[in-house]
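Structure data follow from final_23.cif (mmCIF, C-alpha atoms and all ligand atoms):
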```
data_final
loop_
_atom_site.label_atom_id
_atom_site.label_comp_id
_atom_site.auth_asym_id
_atom_site.auth_seq_id
_atom_site.Cartn_x
_atom_site.Cartn_y
_atom_site.Cartn_z
CA MET A 306 93.97 106.79 88.54
CA GLU A 307 91.50 104.29 89.96
CA GLY A 308 88.50 105.81 88.23
CA LYS A 309 87.72 102.70 86.26
CA ALA A 310 87.67 100.50 89.34
CA LEU A 311 85.51 102.98 91.26
CA SER A 312 82.88 103.34 88.55
CA ASP A 313 82.50 99.58 88.28
CA ARG A 314 80.32 98.98 91.32
CA ALA A 315 79.43 95.36 90.70
CA VAL A 316 81.43 93.03 92.94
CA LYS A 317 82.55 90.11 90.86
CA PRO A 318 82.26 86.61 92.37
CA ALA A 319 86.05 86.18 92.41
CA GLU A 320 86.39 89.53 94.17
CA ALA A 321 83.76 88.60 96.78
CA ALA A 322 85.54 85.31 97.44
CA GLU A 323 88.81 87.16 97.88
CA GLN A 324 87.21 89.65 100.29
CA ALA A 325 85.74 86.79 102.33
CA ALA A 326 89.12 85.06 102.41
CA ASN A 327 90.68 88.23 103.76
CA GLY A 328 87.99 88.68 106.42
CA ARG A 329 86.88 91.89 104.76
CA GLN A 330 83.16 91.24 104.40
CA GLY A 331 80.98 93.84 106.03
CA MET A 332 83.93 96.11 106.76
CA ILE A 333 84.26 99.71 105.65
CA TYR A 334 87.66 100.97 104.52
CA LEU A 335 88.26 104.68 104.77
CA THR A 336 91.34 106.46 103.46
CA ARG A 337 92.69 109.88 104.24
CA ARG A 338 95.47 111.40 102.18
CA ALA A 339 98.09 113.85 103.46
CA GLU A 340 101.32 115.27 102.09
CA PHE A 341 104.64 116.15 103.64
CA SER A 342 108.07 117.13 102.42
CA ALA A 343 111.24 115.75 103.94
CA SER A 344 114.87 115.18 103.08
CA HIS A 345 117.09 112.20 103.73
CA TYR A 346 120.09 110.21 102.58
CA TYR A 347 120.83 106.53 102.57
CA HIS A 348 123.82 105.06 104.33
CA SER A 349 124.13 101.64 105.91
CA PRO A 350 126.79 101.19 108.61
CA ALA A 351 126.66 97.47 107.79
CA LEU A 352 128.18 98.20 104.35
CA SER A 353 131.53 99.61 103.27
CA ALA A 354 131.80 103.08 101.74
CA GLU A 355 132.12 101.49 98.28
CA GLU A 356 129.14 99.22 98.84
CA ASN A 357 127.03 102.14 100.06
CA GLN A 358 127.96 104.11 96.97
CA ARG A 359 127.21 101.20 94.65
CA LEU A 360 123.87 100.39 96.29
CA TYR A 361 122.51 103.87 96.91
CA GLY A 362 124.29 105.95 94.27
CA LYS A 363 123.33 109.64 94.50
CA CYS A 364 121.10 108.86 97.49
CA ASN A 365 124.29 108.18 99.51
CA ASN A 366 125.28 111.88 99.42
CA PRO A 367 125.30 112.91 103.13
CA HIS A 368 123.97 116.38 102.28
CA GLY A 369 120.66 114.70 101.47
CA HIS A 370 117.90 115.34 98.96
CA GLY A 371 114.18 115.94 99.31
CA HIS A 372 110.88 114.32 98.39
CA ASN A 373 107.27 115.43 98.41
CA TYR A 374 105.71 112.38 99.99
CA VAL A 375 102.04 111.53 99.64
CA LEU A 376 100.68 109.46 102.50
CA GLU A 377 97.45 107.46 102.45
CA VAL A 378 96.17 106.14 105.75
CA THR A 379 93.41 103.53 105.54
CA VAL A 380 91.36 102.60 108.60
CA ARG A 381 88.71 99.91 108.81
CA GLY A 382 85.70 99.40 110.97
CA ALA A 383 81.96 99.02 111.07
CA ILE A 384 79.61 101.93 110.49
CA ASP A 385 78.33 103.41 113.74
CA SER A 386 74.54 103.43 113.32
CA ARG A 387 74.21 106.70 115.23
CA SER A 388 76.77 108.73 113.24
CA GLY A 389 76.73 106.82 109.96
CA MET A 390 80.53 106.96 110.08
CA VAL A 391 83.38 104.56 110.81
CA MET A 392 85.13 107.21 112.85
CA ASP A 393 85.13 110.94 113.39
CA LEU A 394 86.88 112.25 110.28
CA LYS A 395 87.97 115.46 112.01
CA GLN A 396 89.61 113.34 114.68
CA LEU A 397 91.44 111.24 112.11
CA LYS A 398 92.71 114.38 110.39
CA GLU A 399 93.89 115.83 113.71
CA ILE A 400 95.65 112.60 114.79
CA LEU A 401 97.38 112.37 111.41
CA ARG A 402 98.56 115.98 111.62
CA ARG A 403 99.75 115.73 115.21
CA GLU A 404 101.37 112.28 115.17
CA VAL A 405 102.86 112.21 111.66
CA ILE A 406 102.85 115.42 109.63
CA ASP A 407 104.09 117.69 112.43
CA VAL A 408 106.88 115.20 113.18
CA LEU A 409 108.08 114.59 109.61
CA ASP A 410 107.22 117.66 107.53
CA HIS A 411 110.22 119.80 106.52
CA ARG A 412 112.62 117.61 108.49
CA PHE A 413 115.99 116.17 107.60
CA LEU A 414 114.93 112.69 108.61
CA ASN A 415 118.39 111.26 109.39
CA GLU A 416 119.27 114.11 111.76
CA GLU A 417 116.02 115.48 113.13
CA VAL A 418 113.74 112.47 113.63
CA PRO A 419 115.03 110.20 116.43
CA ALA A 420 113.47 107.08 114.87
CA PHE A 421 115.90 107.42 111.94
CA ARG A 422 119.11 107.95 113.89
CA HIS A 423 119.86 104.24 113.49
CA VAL A 424 117.30 103.21 110.87
CA ILE A 425 117.84 104.09 107.21
CA PRO A 426 114.95 106.41 106.21
CA THR A 427 113.95 104.51 103.09
CA THR A 428 110.32 104.74 102.00
CA GLU A 429 109.94 101.18 103.29
CA ASN A 430 111.15 102.09 106.78
CA LEU A 431 109.17 105.34 106.79
CA THR A 432 106.00 103.37 106.10
CA VAL A 433 106.66 101.05 109.05
CA GLU A 434 107.49 103.98 111.33
CA ILE A 435 104.31 105.85 110.36
CA TRP A 436 102.31 102.73 111.23
CA HIS A 437 103.80 102.70 114.73
CA MET A 438 103.17 106.44 115.15
CA LEU A 439 99.49 106.06 114.30
CA ALA A 440 98.28 102.63 115.40
CA PRO A 441 98.26 103.32 119.19
CA GLN A 442 96.30 106.55 118.63
CA LEU A 443 93.36 104.99 116.82
CA GLU A 444 90.90 103.81 119.45
CA PHE A 445 87.65 103.59 117.55
CA CYS A 446 88.78 101.72 114.48
CA GLU A 447 91.71 99.70 113.24
CA LEU A 448 94.56 100.81 111.10
CA ASP A 449 94.47 98.73 107.92
CA ARG A 450 97.14 100.07 105.62
CA ILE A 451 99.80 102.74 105.30
CA ARG A 452 100.58 103.63 101.69
CA LEU A 453 103.40 106.06 101.06
CA TYR A 454 104.26 107.51 97.66
CA GLU A 455 107.85 108.65 97.26
CA THR A 456 107.04 109.70 93.70
CA PRO A 457 103.78 109.38 91.71
CA ASP A 458 105.14 106.16 90.21
CA LEU A 459 106.56 104.53 93.34
CA PHE A 460 104.74 103.63 96.51
CA VAL A 461 105.07 101.24 99.44
CA ASP A 462 102.24 99.49 101.32
CA TYR A 463 102.43 98.28 104.91
CA PHE A 464 99.67 96.31 106.61
CA GLY A 465 101.18 96.18 110.08
CA PRO A 466 103.30 93.64 111.87
CA GLY A 467 102.50 90.02 111.24
CA GLN A 468 99.90 90.52 108.53
CA ALA A 469 100.08 89.16 105.02
CA ALA A 470 99.50 91.65 102.22
CA PRO A 471 96.59 91.00 99.87
CA PRO A 472 97.45 90.15 96.25
CA GLY A 473 98.52 93.10 94.13
CA ALA A 474 99.50 95.33 97.04
CA GLY A 475 102.60 97.49 97.05
CA GLN A 476 103.40 97.23 93.40
CA THR A 477 104.70 100.07 91.36
CA ARG A 478 102.15 101.00 88.80
CA ALA A 479 102.79 102.95 85.63
CA LYS A 480 100.41 105.85 85.21
CA ASP A 481 98.01 105.49 82.33
ZN ZN B 1 115.34 109.83 98.38
#
```
Take the structure from the file and write it as structure tokens.
Ligand SMILES: [Zn+2]
Amino acid sequence: MEGKALSDRAVKPAEAAEQAANGRQGMIYLTRRAEFSASHYYHSPALSAEENQRLYGKCNNPHGHGHNYVLEVTVRGAIDSRSGMVMDLKQLKEILRREVIDVLDHRFLNEEVPAFRHVIPTTENLTVEIWHMLAPQLEFCELDRIRLYETPDLFVDYFGPGQAAPPGAGQTRAKD
């Protein structure tokens, strides 16, 4: 879906200026994708039963419903001149499996994942939680972005606490 952008290798002046403004010059961004399936329901104790129903609709059903989530984890760093890599890709895959996929895959998030006992497991909150699962485990590079697709047409981006998102991030994009 980003084929056009990838084949156009020339960096336009406006793009270079934007990268410089974001402190991105000279940095490598590496993304690994993983999938997991999980079920959840939405209910806010801060709202009445009627308000929950109105806001969340079918998603308020306490028996839950499932999604096949697609997770993209982007790390950034400099290229190590000895390995030619930003980080050991096998290590990234292993950390992602151990810290995130094994914890969330085939779980009823509200009941089985302690982080969501008191936090509504929306895609937004899942994205923040995944950041906090991963960030302390990445020693050799920095976590740049968590992108989580709830469906192919809906995703959420999170760039960590206290960081502004670059323009155009986190927007739902119609497939072409
Ligand atoms: Zn849902």
Next on the checklist: Set the distance at 10 Å and use only C-alpha atoms: which residues neighbour region 432-445 of chain A once local chain neighbours fewer than 5 positions away are removed? I'd like the list as a PyMOL selection string.
Outcome noted: chain A and resi 376+378+380-383+391-393+396-397+400-401+403-406+408-409+420-421+424+426-427+450-454+460-466
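Checking A:Arg387, A:His370, A:His345, A:Lys363 one by one against Asn415 (chain A), counting all atoms listed in the file, you find the shortest gap at A:His345.
Comparing A:Asp385, A:Asp449, A:Thr428, A:His423 by their smallest distance to Pro350 (chain A), the closest is A:His423 (using all atoms listed in the file).
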Item to check | Long-range neighbours of Asn366 (chain A) as a PyMOL selection string, 9 Å cut-off, only C-alpha atoms, 6 positions minimum in chain | outcome: chain A and resi 346-348+358
Mind dumping the selected residues with C-alpha atoms as an mmCIF file, in the coordinates of the input?
```cif
data_model
loop_
_atom_site.group_PDB
_atom_site.id
_atom_site.type_symbol
_atom_site.label_atom_id
_atom_site.label_comp_id
_atom_site.auth_asym_id
_atom_site.auth_seq_id
_atom_site.Cartn_x
_atom_site.Cartn_y
_atom_site.Cartn_z
ATOM 1 C CA TYR A 346 120.090 110.210 102.580
ATOM 2 C CA TYR A 347 120.830 106.530 102.570
ATOM 3 C CA HIS A 348 123.820 105.060 104.330
ATOM 4 C CA GLN A 358 127.960 104.110 96.970
#
```
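Computed from the coordinates, the CA of Ala351 (chain A) to CA of Ile425 (chain A) distance equals 11.0 Å.
With all atoms listed in the file as the atoms that count, the minimum distance from ligand ZN 1 (chain B) to the choices A:Ala343, A:Ala354, A:Cys446, A:Val418 is reached by A:Ala343.
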Checklist outcome for this item: Here CA of Ser342 (chain A) and CA of Gly371 (chain A) stand apart by 7.0 Å
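One distance worth recording is that between CA of Glu447 (chain A) and CA of Asn430 (chain A), which is 20.6 Å.
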